[in-house]
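**Student:** Here you go, this is coords-v9.tsv (TSV, C-alpha atoms).
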chain	number	residue	atom	x	y	z
A	16	MET	CA	0.00	0.00	0.00
A	17	LYS	CA	2.74	2.37	0.99
A	18	SER	CA	4.77	1.94	-2.17
A	19	ALA	CA	1.82	2.93	-4.33
A	20	LEU	CA	1.18	6.06	-2.36
A	21	ASP	CA	4.81	7.08	-2.61
A	22	ASN	CA	4.39	7.89	-6.24
A	23	PHE	CA	1.39	10.10	-5.63
A	24	ASP	CA	2.26	13.55	-6.75
A	25	LYS	CA	1.39	16.30	-4.32
A	26	ALA	CA	1.17	18.73	-7.21
A	27	PHE	CA	-1.73	16.73	-8.63
A	28	GLU	CA	-3.69	16.46	-5.42
A	29	ASN	CA	-5.93	19.20	-6.65
A	30	ARG	CA	-8.40	18.09	-9.27
A	31	ILE	CA	-8.05	21.10	-11.52
A	32	ARG	CA	-4.28	20.73	-11.63
A	33	LEU	CA	-4.62	17.14	-12.74
A	34	GLN	CA	-7.16	18.20	-15.33
A	35	ILE	CA	-4.90	20.95	-16.65
A	36	MET	CA	-2.08	18.46	-16.93
A	37	SER	CA	-4.26	15.95	-18.82
A	38	VAL	CA	-5.14	18.57	-21.40
A	39	LEU	CA	-1.55	19.73	-21.80
A	40	VAL	CA	-0.23	16.19	-22.15
A	41	ALA	CA	-2.76	15.44	-24.89
A	42	ASN	CA	-2.04	18.63	-26.82
A	43	GLU	CA	1.03	20.40	-28.09
A	44	ASN	CA	-0.12	23.53	-26.30
A	45	TYR	CA	-3.31	25.14	-25.06
A	46	ASP	CA	-4.27	28.74	-24.46
A	47	PHE	CA	-5.64	30.19	-21.27
A	48	ASN	CA	-9.13	31.02	-22.50
A	49	SER	CA	-9.73	27.65	-24.14
A	50	LEU	CA	-8.54	25.95	-20.98
A	51	LYS	CA	-10.91	28.07	-18.95
A	52	GLU	CA	-13.87	27.11	-21.13
A	53	LEU	CA	-12.96	23.46	-21.20
A	54	LEU	CA	-12.55	23.12	-17.45
A	55	ASN	CA	-15.31	25.53	-16.48
A	56	ALA	CA	-12.92	27.32	-14.17
A	57	THR	CA	-12.77	30.94	-13.11
A	58	ASP	CA	-9.89	33.18	-14.15
A	59	GLY	CA	-8.39	33.44	-10.69
A	60	ASN	CA	-8.72	29.80	-9.84
A	61	LEU	CA	-7.19	28.61	-13.09
A	62	ALA	CA	-4.40	31.17	-12.92
A	63	SER	CA	-3.35	30.16	-9.43
A	64	HIS	CA	-3.24	26.47	-10.31
A	65	LEU	CA	-1.30	27.21	-13.48
A	66	LYS	CA	1.15	29.20	-11.37
A	67	ALA	CA	1.57	26.24	-9.04
A	68	LEU	CA	2.29	23.89	-11.94
A	69	GLU	CA	4.67	26.42	-13.41
A	70	LYS	CA	6.54	26.61	-10.11
A	71	GLU	CA	7.00	22.84	-10.18
A	72	GLU	CA	8.31	23.31	-13.72
A	73	TYR	CA	5.70	20.87	-15.00
A	74	ILE	CA	4.49	23.35	-17.58
A	75	SER	CA	6.05	26.09	-19.63
A	76	VAL	CA	4.37	29.40	-20.30
A	77	HIS	CA	4.49	31.25	-23.55
A	78	LYS	CA	3.19	34.79	-23.74
A	79	SER	CA	2.40	36.48	-27.00
A	80	PHE	CA	-0.04	38.90	-28.52
A	81	LEU	CA	-2.91	38.21	-30.89
A	82	GLY	CA	-3.33	41.66	-32.33
A	83	ARG	CA	-3.59	43.70	-29.18
A	84	LYS	CA	-4.93	41.00	-26.93
A	85	PRO	CA	-2.47	39.09	-24.80
A	86	ASN	CA	-2.53	35.40	-25.57
A	87	THR	CA	-0.91	33.05	-23.09
A	88	THR	CA	-0.33	29.46	-24.06
A	89	TYR	CA	0.83	26.63	-21.88
A	90	ALA	CA	2.67	23.45	-22.74
A	91	ALA	CA	3.65	20.42	-20.68
A	92	SER	CA	7.38	20.11	-19.99
A	93	ASP	CA	9.21	16.79	-20.07
A	94	THR	CA	9.31	16.79	-16.28
A	95	GLY	CA	5.57	17.40	-16.24
A	96	ARG	CA	4.86	14.58	-18.68
A	97	LYS	CA	6.94	12.20	-16.63
A	98	ALA	CA	5.25	13.26	-13.40
A	99	PHE	CA	1.83	12.87	-14.96
A	100	LYS	CA	2.67	9.38	-16.15
A	101	MET	CA	3.97	8.41	-12.72
A	102	HIS	CA	0.85	9.71	-11.10
A	103	LEU	CA	-1.40	7.71	-13.42
A	104	GLN	CA	0.74	4.65	-12.80
A	105	ALA	CA	0.32	5.17	-9.07
A	106	LEU	CA	-3.45	5.35	-9.49
A	107	GLU	CA	-3.41	2.13	-11.50
A	108	ASN	CA	-1.26	0.38	-8.93
A	109	LEU	CA	-3.68	1.41	-6.24
A	110	ILE	CA	-6.51	-0.27	-8.14
A	111	LYS	CA	-4.44	-3.40	-8.61
A	112	GLN	CA	-3.60	-3.58	-4.93
A	113	GLN	CA	-7.19	-3.24	-3.89
A	114	LYS	CA	-8.22	-6.18	-6.02
B	2	MET	CA	-9.19	6.89	-2.02
B	3	GLN	CA	-11.98	4.49	-2.98
B	4	GLU	CA	-11.69	2.31	-6.02
B	5	GLU	CA	-14.68	3.95	-7.71
B	6	ASP	CA	-13.14	7.34	-7.08
B	7	ILE	CA	-10.00	6.31	-8.88
B	8	TYR	CA	-11.98	4.89	-11.76
B	9	SER	CA	-14.00	8.04	-12.14
B	10	GLU	CA	-10.81	10.09	-11.85
B	11	LEU	CA	-9.11	8.07	-14.57
B	12	ASN	CA	-12.23	8.26	-16.69
B	13	SER	CA	-12.47	12.01	-16.39
B	14	ILE	CA	-8.80	12.35	-17.31
B	15	ARG	CA	-9.27	10.22	-20.38
B	16	ASN	CA	-12.39	12.07	-21.37
B	17	LEU	CA	-10.66	15.41	-20.94
B	18	MET	CA	-7.63	14.36	-22.95
B	19	GLU	CA	-9.83	13.22	-25.79
B	20	ARG	CA	-12.20	16.16	-25.63
B	21	SER	CA	-9.36	18.67	-25.63
B	22	ALA	CA	-7.48	17.08	-28.52
B	23	LYS	CA	-10.33	15.99	-30.76
B	24	PHE	CA	-13.42	17.66	-32.06
B	25	ILE	CA	-16.12	15.06	-31.56
B	26	SER	CA	-19.25	17.03	-32.29
B	27	LEU	CA	-19.20	16.26	-36.01
B	28	SER	CA	-22.65	15.11	-36.93
B	29	GLY	CA	-23.15	11.75	-38.60
B	30	LEU	CA	-26.55	12.77	-39.87
B	31	SER	CA	-24.97	15.56	-41.91
B	32	GLY	CA	-22.87	12.92	-43.67
B	33	ILE	CA	-26.00	11.02	-44.67
B	34	LEU	CA	-27.69	14.18	-45.94
B	35	ALA	CA	-24.55	15.26	-47.84
B	36	GLY	CA	-24.58	11.85	-49.51
B	37	ILE	CA	-28.21	12.27	-50.51
B	38	TYR	CA	-27.57	15.74	-51.95
B	39	ALA	CA	-24.67	14.30	-53.92
B	40	LEU	CA	-26.86	11.50	-55.31
B	41	VAL	CA	-29.54	13.97	-56.37
B	42	GLY	CA	-26.86	16.25	-57.85
B	43	ALA	CA	-25.30	13.35	-59.74
B	44	ALA	CA	-28.68	12.27	-61.09
B	45	LEU	CA	-29.34	15.82	-62.23
B	46	GLY	CA	-25.89	16.01	-63.78
B	47	TYR	CA	-26.42	12.72	-65.57
B	48	TYR	CA	-29.70	13.99	-66.94
B	49	LEU	CA	-28.08	17.24	-68.10
B	50	VAL	CA	-25.35	15.40	-69.98
B	51	TYR	CA	-27.14	12.43	-71.41
B	52	GLY	CA	-30.72	13.63	-71.40
B	53	ASN	CA	-33.07	10.74	-71.85
B	54	SER	CA	-31.12	9.19	-74.65
B	55	GLY	CA	-28.11	7.58	-73.07
B	56	GLY	CA	-27.66	4.41	-71.16
B	57	LEU	CA	-24.64	3.19	-69.29
B	58	ASP	CA	-23.44	1.37	-72.40
B	59	TYR	CA	-22.59	4.54	-74.28
B	60	ARG	CA	-19.33	5.89	-73.00
B	61	ASP	CA	-17.36	7.50	-75.80
B	62	TYR	CA	-19.13	10.59	-74.87
B	63	TYR	CA	-17.23	13.61	-73.61
B	64	VAL	CA	-18.91	16.78	-72.60
B	65	ASN	CA	-17.75	19.70	-74.64
B	66	ASP	CA	-20.78	21.93	-74.69
B	67	GLN	CA	-19.94	25.04	-72.66
B	68	ALA	CA	-23.54	25.61	-71.56
B	69	ILE	CA	-23.83	22.11	-70.11
B	70	ILE	CA	-20.49	22.44	-68.37
B	71	TRP	CA	-21.58	25.59	-66.61
B	72	GLN	CA	-24.86	23.97	-65.63
B	73	LEU	CA	-22.92	21.06	-64.17
B	74	PHE	CA	-20.67	23.51	-62.39
B	75	ILE	CA	-23.68	25.20	-60.82
B	76	VAL	CA	-25.15	21.86	-59.73
B	77	ALA	CA	-21.82	20.97	-58.10
B	78	ILE	CA	-21.62	24.30	-56.28
B	79	VAL	CA	-25.20	23.99	-55.02
B	80	VAL	CA	-24.52	20.44	-53.75
B	81	LEU	CA	-21.35	21.66	-52.04
B	82	ALA	CA	-23.08	24.65	-50.44
B	83	LEU	CA	-26.03	22.56	-49.23
B	84	SER	CA	-23.72	19.90	-47.78
B	85	LEU	CA	-21.53	22.45	-46.00
B	86	GLY	CA	-24.58	24.34	-44.72
B	87	THR	CA	-26.23	21.20	-43.37
B	88	GLY	CA	-22.95	20.00	-41.91
B	89	ILE	CA	-22.29	23.25	-40.09
B	90	PHE	CA	-25.88	23.56	-38.86
B	91	LEU	CA	-26.08	20.01	-37.48
B	92	THR	CA	-22.60	20.15	-35.98
B	93	VAL	CA	-23.33	23.41	-34.19
B	94	ARG	CA	-26.56	21.89	-32.91
B	95	LYS	CA	-24.82	18.76	-31.66
B	96	ALA	CA	-22.08	20.77	-29.97
B	97	LYS	CA	-24.64	22.94	-28.21
B	98	HIS	CA	-26.51	19.86	-27.12
B	99	LYS	CA	-23.34	18.41	-25.61
B	100	GLY	CA	-22.37	21.72	-24.05
B	101	GLU	CA	-19.22	21.92	-26.11
B	102	LYS	CA	-17.92	25.03	-27.82
B	103	VAL	CA	-17.99	24.77	-31.61
B	104	TRP	CA	-15.04	27.08	-31.99
B	105	ASN	CA	-12.25	25.59	-29.90
B	106	PRO	CA	-8.61	24.68	-30.50
B	107	SER	CA	-9.45	21.23	-31.86
B	108	SER	CA	-12.09	22.44	-34.32
B	109	ARG	CA	-9.69	25.16	-35.44
B	110	LYS	CA	-6.96	22.61	-36.06
B	111	LEU	CA	-9.43	20.35	-37.82
B	112	LEU	CA	-10.45	23.11	-40.22
B	113	VAL	CA	-6.93	24.37	-40.90
B	114	ASN	CA	-5.65	20.87	-41.59
B	115	MET	CA	-8.51	20.09	-43.93
B	116	ALA	CA	-8.39	23.46	-45.65
B	117	ILE	CA	-4.88	23.05	-47.04
B	118	PRO	CA	-5.48	19.99	-49.25
B	119	LEU	CA	-9.02	21.10	-49.97
B	120	PHE	CA	-8.05	24.53	-51.30
B	121	THR	CA	-5.09	23.12	-53.20
B	122	GLY	CA	-7.40	20.62	-54.87
B	123	GLY	CA	-10.11	23.17	-55.50
B	124	ILE	CA	-7.74	25.61	-57.16
B	125	LEU	CA	-6.11	22.86	-59.22
B	126	VAL	CA	-9.51	21.69	-60.44
B	127	LEU	CA	-10.49	25.25	-61.35
B	128	ILE	CA	-7.25	25.75	-63.29
B	129	MET	CA	-7.74	22.47	-65.14
B	130	LEU	CA	-11.35	23.36	-65.86
B	131	ILE	CA	-10.34	26.67	-67.39
B	132	ARG	CA	-7.70	24.89	-69.47
B	133	GLY	CA	-10.28	22.40	-70.67
B	134	TYR	CA	-9.13	19.23	-68.90
B	135	TYR	CA	-12.57	18.20	-67.74
B	136	GLY	CA	-11.53	14.60	-67.18
B	137	ILE	CA	-9.53	15.51	-64.12
B	138	ILE	CA	-12.49	16.79	-62.11
B	139	ALA	CA	-13.79	13.49	-60.73
B	140	PRO	CA	-10.44	11.94	-59.78
B	141	ALA	CA	-8.96	15.20	-58.44
B	142	THR	CA	-11.97	16.15	-56.31
B	143	LEU	CA	-12.11	12.64	-54.82
B	144	ILE	CA	-8.36	12.45	-54.16
B	145	PHE	CA	-8.00	15.89	-52.61
B	146	TYR	CA	-11.15	15.45	-50.54
B	147	GLY	CA	-9.75	12.14	-49.31
B	148	LEU	CA	-6.42	13.76	-48.44
B	149	ALA	CA	-8.26	16.51	-46.56
B	150	LEU	CA	-10.16	13.91	-44.54
B	151	VAL	CA	-7.00	11.99	-43.69
B	152	ALA	CA	-5.27	15.23	-42.64
B	153	GLY	CA	-8.24	16.27	-40.50
B	154	SER	CA	-8.82	12.87	-38.95
B	155	HIS	CA	-6.15	13.46	-36.30
B	156	TYR	CA	-8.42	16.07	-34.76
B	157	THR	CA	-11.71	14.21	-34.83
B	158	PHE	CA	-13.05	10.64	-34.96
B	159	THR	CA	-10.42	8.25	-36.29
B	160	ASP	CA	-13.09	6.72	-38.55
B	161	VAL	CA	-12.80	9.80	-40.76
B	162	LYS	CA	-9.36	8.61	-41.83
B	163	TRP	CA	-10.83	5.46	-43.37
B	164	LEU	CA	-13.44	7.42	-45.26
B	165	GLY	CA	-10.54	9.53	-46.56
B	166	ILE	CA	-8.55	6.51	-47.68
B	167	TYR	CA	-11.54	5.05	-49.52
B	168	GLU	CA	-12.09	8.39	-51.28
B	169	ILE	CA	-8.43	8.48	-52.38
B	170	VAL	CA	-8.54	4.91	-53.72
B	171	LEU	CA	-11.76	5.68	-55.54
B	172	GLY	CA	-10.19	8.82	-57.00
B	173	LEU	CA	-7.23	6.84	-58.31
B	174	PHE	CA	-9.61	4.33	-59.93
B	175	ALA	CA	-11.54	7.22	-61.43
B	176	ALA	CA	-8.29	8.41	-62.99
B	177	CYS	CA	-7.87	4.99	-64.64
B	178	PHE	CA	-11.33	5.03	-66.17
B	179	PRO	CA	-11.92	8.38	-67.83
B	180	GLY	CA	-15.51	8.82	-68.93
B	181	PHE	CA	-16.84	7.05	-65.86
B	182	GLY	CA	-16.12	10.06	-63.68
B	183	ILE	CA	-19.71	10.54	-62.66
B	184	VAL	CA	-20.00	6.91	-61.52
B	185	PHE	CA	-17.00	7.17	-59.20
B	186	TRP	CA	-18.05	10.61	-58.10
B	187	THR	CA	-21.50	9.29	-57.18
B	188	ILE	CA	-20.02	6.39	-55.22
B	189	GLY	CA	-17.47	8.60	-53.45
B	190	PHE	CA	-19.57	11.59	-52.52
B	191	GLY	CA	-22.96	9.89	-52.43
B	192	VAL	CA	-22.81	6.26	-51.38
B	193	LEU	CA	-19.71	6.46	-49.16
B	194	HIS	CA	-21.07	9.49	-47.32
B	195	ILE	CA	-24.34	7.75	-46.64
B	196	ILE	CA	-22.64	4.58	-45.38
B	197	TYR	CA	-20.13	6.50	-43.29
B	198	GLY	CA	-22.75	8.92	-41.95
B	199	SER	CA	-24.99	6.03	-40.88
B	200	ILE	CA	-22.13	4.30	-39.07
B	201	MET	CA	-21.20	7.52	-37.28
B	202	HIS	CA	-24.78	8.29	-36.45
B	203	TYR	CA	-25.41	4.92	-34.83
B	204	ARG	CA	-22.06	4.78	-33.11
B	205	TYR	CA	-21.77	8.28	-31.67
B	206	ASP	CA	-24.92	10.29	-32.04
B	207	ARG	CA	-27.30	8.25	-30.02
Go ahead and render the structure in this file as structure tokens.

**Tutor:**
Amino acid sequence: MKSALDNFDKAFENRIRLQIMSVLVANENYDFNSLKELLNATDGNLASHLKALEKEEYISVHKSFLGRKPNTTYAASDTGRKAFKMHLQALENLIKQQK
Amino acid sequence: MQEEDIYSELNSIRNLMERSAKFISLSGLSGILAGIYALVGAALGYYLVYGNSGGLDYRDYYVNDQAIIWQLFIVAIVVLALSLGTGIFLTVRKAKHKGEKVWNPSSRKLLVNMAIPLFTGGILVLIMLIRGYYGIIAPATLIFYGLALVAGSHYTFTDVKWLGIYEIVLGLFAACFPGFGIVFWTIGFGVLHIIYGSIMHYRYDR
């Protein structure tokens, strides 16, 4: 039981963070507004979780302008992809152990 | 964490990954309707060219009459416009129904990826039409449409890729049998669309 929990990533404890990571792993990159619509999150909430993931260096941030509007896109880093995979593996192991 | 919690967590992750990367609100019904429009258009085209005189046995016949060619062109444009209109309308409706945005990163990618082969093919066909190579229309439209579907299939249902491959194969056959263009065209845009649309409708729309 303990070994499975070891791989649980604290950064993914929050549901929205895990959701953000799933989207970024499945896509080359994703912009803030589309992410907001997809996850039904508020600006502040999403921004703070993105910050947290950025601090872990799980995602990279790319800021640019679309005309005059700022357009921020996010992409999963290699570290982030690895961590996401480990976390999923840990979830799977937990299921296996419970059987 | 309970086992069901983990399952639902994994499920929601999977769902989110798929939903974010693929546009899955394409309507199967619109495929069926597009196929029907194409069949009607082809029948009309056949009538315009052969009138009541011709049967399938008479094939040394090439269309050279400018008036008929423009009529055929108009029929084709009307079929295209109706198909696109129906497709857009039903897809928007389905997306609304599912609470998904129609205009999102995956639908954008889908359109951009399809637009490149589609416009290339469209322009090529127009150039060839102006230069008088009417024989290229059926194979080229089928091949480029097929290529567009294959290119777009990464951003929507994977089944679209197979429809694309069938269209390409059909287009290549059409190139081997000049004069039978309308037959291949009818199969490709009519029959295949109806079959594919029905499969999609039963598999995903219900």

**Student:** Using only C-alpha atoms, find which residues of chain A lie within 9 Å of chain B and jot them down as a count of residues only.

**Tutor:** 22

**Student:** Quick one: residues within 10 Å of (-20.6, 19.4, -35.9) (file frame), counting only C-alpha atoms, please, as a PyMOL selection string.

**Tutor:** chain B and resi 24-31+87-97+103+108

**Student:** So how far away is CA of Ile37 in chain B from CA of Val170 in chain B, in Å?

**Tutor:**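 Taking CA of Val170 in chain B as the start and CA of Ile37 in chain B as the end point, the length is 21.2 Å.
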
**Student:** As JSON, numbers by chain, please: the residues near Leu171 in chain B (cut-off 10 Å, all atoms listed in the file, same-chain neighbours under 4 positions excluded).

**Tutor:** {"B": [139, 140, 143, 144, 147, 165, 166, 167, 175, 176, 177, 185, 186, 188, 189]}

**Student:** Would you compute the distance between CA of Tyr156 in chain B and CA of Leu111 in chain B? Give it in Å to one decimal.

**Tutor:** 5.4 Å

**Student:** To one decimal place in Å, what is the distance between CA of Phe47 in chain A and CA of Val151 in chain B?

**Tutor:**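 Separating CA of Phe47 in chain A from CA of Val151 in chain B is a distance of 28.9 Å.
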
**Student:** Using only C-alpha atoms, collect all residues at a distance of at most 8 Å from (11.0, 20.4, -20.1) as written in the file, then present them as a list of chain:residue names.

**Tutor:**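 Neighbouring residues, ordered by chain and number, come to A:Glu72, A:Tyr73, A:Ile74, A:Ser75, A:Ala91, A:Ser92, A:Asp93, A:Thr94, A:Gly95.
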
**Student:** Edge lengths and centre, in Å to one decimal, as lines of an AutoDock Vina configuration file: that's what I need for the box along x, y and z that holds all listed atoms of range 109-124 of chain B plus 5 Å on each side.

**Tutor:**
center_x = -7.7
center_y = 22.8
center_z = -46.3
size_x = 15.6
size_y = 15.6
size_z = 31.7
